[in-house]
Amino acid sequence: MTIISDSRLPQIPGFPTSEVIQQALSMRDRTPPAPVQVGRIHSIETCGTVDGPGIRFVIFTQGCPLRCLYCHNPDCQTINDDATVTTVDEIMARIKQTKNYLRNGGVTISGGEPLMQPGFVAEIFERCHQIDLHTALDTSGYIAPELAEPVLKNTDLVLLDIKSYHPDLFRKVTSVSIEPTLKFARYLAKIGKPTWVRFVLVPGLTDIEENVVSLAKFVSSLGNVEKVEILPFHKMGEYKWQQMGLPYVLGDTQPPTPEQLDHVIQIFRDYRLTTV
Ligand code: SF4
């Protein structure tokens with residue numbers, strides 16, 4: 001796997017250069033992370049309904065190694081002093097307050113990229129399993145699988161975001177290489193981890209026929225993917241880019257039409273995949 005040097009990443013102020021990212025991508029240090037009691041989060045949603053099955057307690061962690069052009073939470077990307085520092089005990093106390101509502105749902109950790117803080121996420125998921133709550137991890141898979149093992153041990157469902165399949169397009173969308181994500185997807189298949197794949201459909205960017213067909217073919221080859229969620233592009237996060245003084249290059253792009261959405265859904269169905 002290629003280790004991506006910072007010089008190839010976008011020059012956005014505060015771009016992560018921390019040891020956490022270097023460790024996450026390093027093939028030299030595969031030591032699984034130890035449990036960590038303290039983490040940095042962006043926000044919490046107590047009754048989420050779009051990040052996994054049922055009603056869910058959703059924790060959005062701070063920090064992400066990707067720089068997606070359509071990111072609706074650019075303020076989640078950098079680990080900085082604005083992030084809320086919290087403990088596993090504090091998170092679990094809040095989860096227990098809403099536990100009665102989560103019986104048919106559970107707890108999802110999203111981001112940012114949760115696997116930038118694997119020890120913290122692993123500890124929360126272990127504690128959730130101790131009180132019989134379903135756990136879902138929303139990730140781009142941009143991490144060496146060995147470092148995600150402690151998290152996956154107590155993860156019931158992975159929501160794997162695959163931003164595109166064509167390598168050049170993936171880099172254009174995310175600013176990073178697709179290889180770690182594909183490797184992570186294959187690892188999930190190898191261990192038989194239940195997975196939902198998520199793909200954001202952006203007209204004029206990710207909707208290229210060859211890109212979608214190749215992605216559908218790849219996903220259908222995995223064998224562990226229960227569902228594919230086609231997420232229509234939206235611009236709800238555009239104001240955050242403006243507030244942060246960052247260029248939002250998709251300002252003129254419109255959400256997909258129902259026909260465009262149906263067309264892409266049909267491509268995945270042609271590969272015998274369940275879509276929503
Ligand atoms: S992976 Fe998610 S949080 Fe990270 S840049 Fe992409 S959309 Fe934003």
# chains A, B, ... in the order shown; residues from 1 in each chain; ligands from 1
call {"tool": "residues_near_ligand", "arguments": {"ligand": "ligand 1", "cutoff": "8 Å", "atoms": "only C-alpha atoms and all ligand atoms", "output": "number ranges by chain"}}
result
A: 63-74, 76-77, 111-113, 139-140, 161, 174
call {"tool": "select_by_dssp", "arguments": {"residues": "stretch 24-127 of chain A", "states": "strand (DSSP E)", "output": "list in words"}}
result
Val38, Gly39, Arg40, Ile41, His42, Ser43, Ile44, Glu45, Thr46, Cys47, Gly48, Arg56, Phe57, Val58, Ile59, Phe60, Thr61, Thr84, Val85, Thr86, Thr87, Gly106, Val107, Thr108, Ile109 and Ser110 of chain A
call {"tool": "closest_atom_pairs", "arguments": {"of": "stretch 111-229 of chain A", "to": "stretch 237-261 of chain A", "cutoff": "9 Å", "atoms": "only C-alpha atoms", "output": "Markdown table"}}
result
| residue | atom | partner | partner_atom | distance |
| --- | --- | --- | --- | --- |
| A:Leu201 | CA | A:Pro256 | CA | 7.1 |
| A:Val202 | CA | A:Pro256 | CA | 6.7 |
| A:Pro203 | CA | A:Pro256 | CA | 5.8 |
| A:Gly204 | CA | A:Thr253 | CA | 7.7 |
| A:Asp207 | CA | A:Gln260 | CA | 8.4 |
call {"tool": "select_by_dssp", "arguments": {"residues": "stretch 78-134 of chain A", "states": "helix (DSSP H, G or I)", "output": "NGL selection string"}}
result
:A and (88-97 or 99-102 or 114-116 or 118-130)
call {"tool": "write_last_selection", "arguments": {"atoms": "C-alpha atoms", "output": "mmCIF file, in the first residue's frame"}}
result
data_model
loop_
_atom_site.group_PDB
_atom_site.id
_atom_site.type_symbol
_atom_site.label_atom_id
_atom_site.label_comp_id
_atom_site.auth_asym_id
_atom_site.auth_seq_id
_atom_site.Cartn_x
_atom_site.Cartn_y
_atom_site.Cartn_z
ATOM 1 C CA VAL A 88 -16.007 7.056 27.513
ATOM 2 C CA ASP A 89 -17.753 7.272 30.888
ATOM 3 C CA GLU A 90 -19.466 10.523 29.896
ATOM 4 C CA ILE A 91 -20.573 9.076 26.568
ATOM 5 C CA MET A 92 -21.886 5.898 28.182
ATOM 6 C CA ALA A 93 -23.829 7.884 30.768
ATOM 7 C CA ARG A 94 -25.631 9.719 27.951
ATOM 8 C CA ILE A 95 -26.235 6.503 26.018
ATOM 9 C CA LYS A 96 -27.788 4.892 29.076
ATOM 10 C CA GLN A 97 -30.171 7.852 29.434
ATOM 11 C CA LYS A 99 -31.213 3.325 26.066
ATOM 12 C CA ASN A 100 -34.970 2.630 26.122
ATOM 13 C CA TYR A 101 -35.330 4.319 22.724
ATOM 14 C CA LEU A 102 -32.441 2.367 21.220
ATOM 15 C CA PRO A 114 -13.959 7.287 13.769
ATOM 16 C CA LEU A 115 -10.980 5.060 13.043
ATOM 17 C CA MET A 116 -8.651 7.998 13.628
ATOM 18 C CA PRO A 118 -9.553 3.514 17.303
ATOM 19 C CA GLY A 119 -8.813 2.965 20.991
ATOM 20 C CA PHE A 120 -11.584 5.361 22.021
ATOM 21 C CA VAL A 121 -14.146 3.867 19.628
ATOM 22 C CA ALA A 122 -13.211 0.308 20.597
ATOM 23 C CA GLU A 123 -13.798 1.093 24.254
ATOM 24 C CA ILE A 124 -17.256 2.633 23.588
ATOM 25 C CA PHE A 125 -18.358 -0.326 21.464
ATOM 26 C CA GLU A 126 -17.167 -2.836 24.057
ATOM 27 C CA ARG A 127 -19.161 -1.008 26.732
ATOM 28 C CA CYS A 128 -22.229 -0.896 24.420
ATOM 29 C CA HIS A 129 -22.081 -4.658 23.973
ATOM 30 C CA GLN A 130 -21.914 -5.076 27.731
#
call {"tool": "closest_residue", "arguments": {"among": "A:Ser177, A:Thr87, A:Thr46, A:Ser164", "to": "A:Leu205", "atoms": "only C-alpha atoms"}}
result
A:Ser164
call {"tool": "atom_distance", "arguments": {"atom1": "atom CA of A:Asn154", "atom2": "atom CA of A:Thr135"}}
result
7.3 Å
call {"tool": "residues_around", "arguments": {"residues": "A:Arg40", "least_positions_apart": "6", "cutoff": "10 Å", "atoms": "only C-alpha atoms", "output": "ChimeraX atom specification"}}
result
/A:60-63,79-87,114,117,120
call {"tool": "write_last_selection", "arguments": {"atoms": "C-alpha atoms", "output": "mmCIF file, in the first residue's frame"}}
result
data_model
loop_
_atom_site.group_PDB
_atom_site.id
_atom_site.type_symbol
_atom_site.label_atom_id
_atom_site.label_comp_id
_atom_site.auth_asym_id
_atom_site.auth_seq_id
_atom_site.Cartn_x
_atom_site.Cartn_y
_atom_site.Cartn_z
ATOM 1 C CA PHE A 60 -19.639 12.201 15.385
ATOM 2 C CA THR A 61 -15.924 12.070 16.080
ATOM 3 C CA GLN A 62 -13.492 14.806 15.172
ATOM 4 C CA GLY A 63 -10.767 14.346 12.562
ATOM 5 C CA ILE A 79 -8.503 17.637 15.069
ATOM 6 C CA ASN A 80 -8.140 20.998 16.730
ATOM 7 C CA ASP A 81 -8.724 22.724 20.021
ATOM 8 C CA ASP A 82 -12.365 23.478 19.081
ATOM 9 C CA ALA A 83 -13.246 19.784 19.361
ATOM 10 C CA THR A 84 -15.035 18.621 22.462
ATOM 11 C CA VAL A 85 -12.854 16.451 24.646
ATOM 12 C CA THR A 86 -14.931 13.801 26.356
ATOM 13 C CA THR A 87 -14.537 10.482 28.144
ATOM 14 C CA PRO A 114 -13.959 7.287 13.769
ATOM 15 C CA GLN A 117 -9.383 7.313 17.305
ATOM 16 C CA PHE A 120 -11.584 5.361 22.021
#
call {"tool": "closest_residue", "arguments": {"among": "A:Pro180, A:Lys217, A:Leu147, A:Gly48", "to": "A:Pro33", "atoms": "only C-alpha atoms"}}
result
A:Leu147
call {"tool": "residues_around", "arguments": {"residues": "A:Glu209", "least_positions_apart": "5", "cutoff": "10 Å", "atoms": "only C-alpha atoms", "output": "JSON, numbers by chain"}}
result
{"A": [214, 215, 263, 264, 267]}
call {"tool": "atom_distance", "arguments": {"atom1": "atom CA of A:Ile55", "atom2": "atom CA of A:Thr274"}}
result
21.1 Å
call {"tool": "closest_atom_pairs", "arguments": {"of": "stretch 180-206 of chain A", "to": "stretch 221-228 of chain A", "cutoff": "7 Å", "atoms": "only C-alpha atoms", "output": "tab-separated table"}}
result
residue	atom	partner	partner_atom	distance
A:Arg186	CA	A:Leu222	CA	6.7
A:Ala189	CA	A:Asn224	CA	5.3
A:Gly192	CA	A:Asn224	CA	5.7
A:Lys193	CA	A:Asn224	CA	6.3
A:Pro194	CA	A:Asn224	CA	5.6
A:Thr195	CA	A:Val225	CA	4.8
A:Trp196	CA	A:Lys227	CA	4.9
A:Val197	CA	A:Val228	CA	4.8
A:Arg198	CA	A:Val228	CA	5.8
call {"tool": "residues_around", "arguments": {"residues": "A:Ala148", "least_positions_apart": "3", "cutoff": "8 Å", "atoms": "only C-alpha atoms", "output": "PyMOL selection string"}}
result
chain A and resi 32+115+118+143-145+151-152
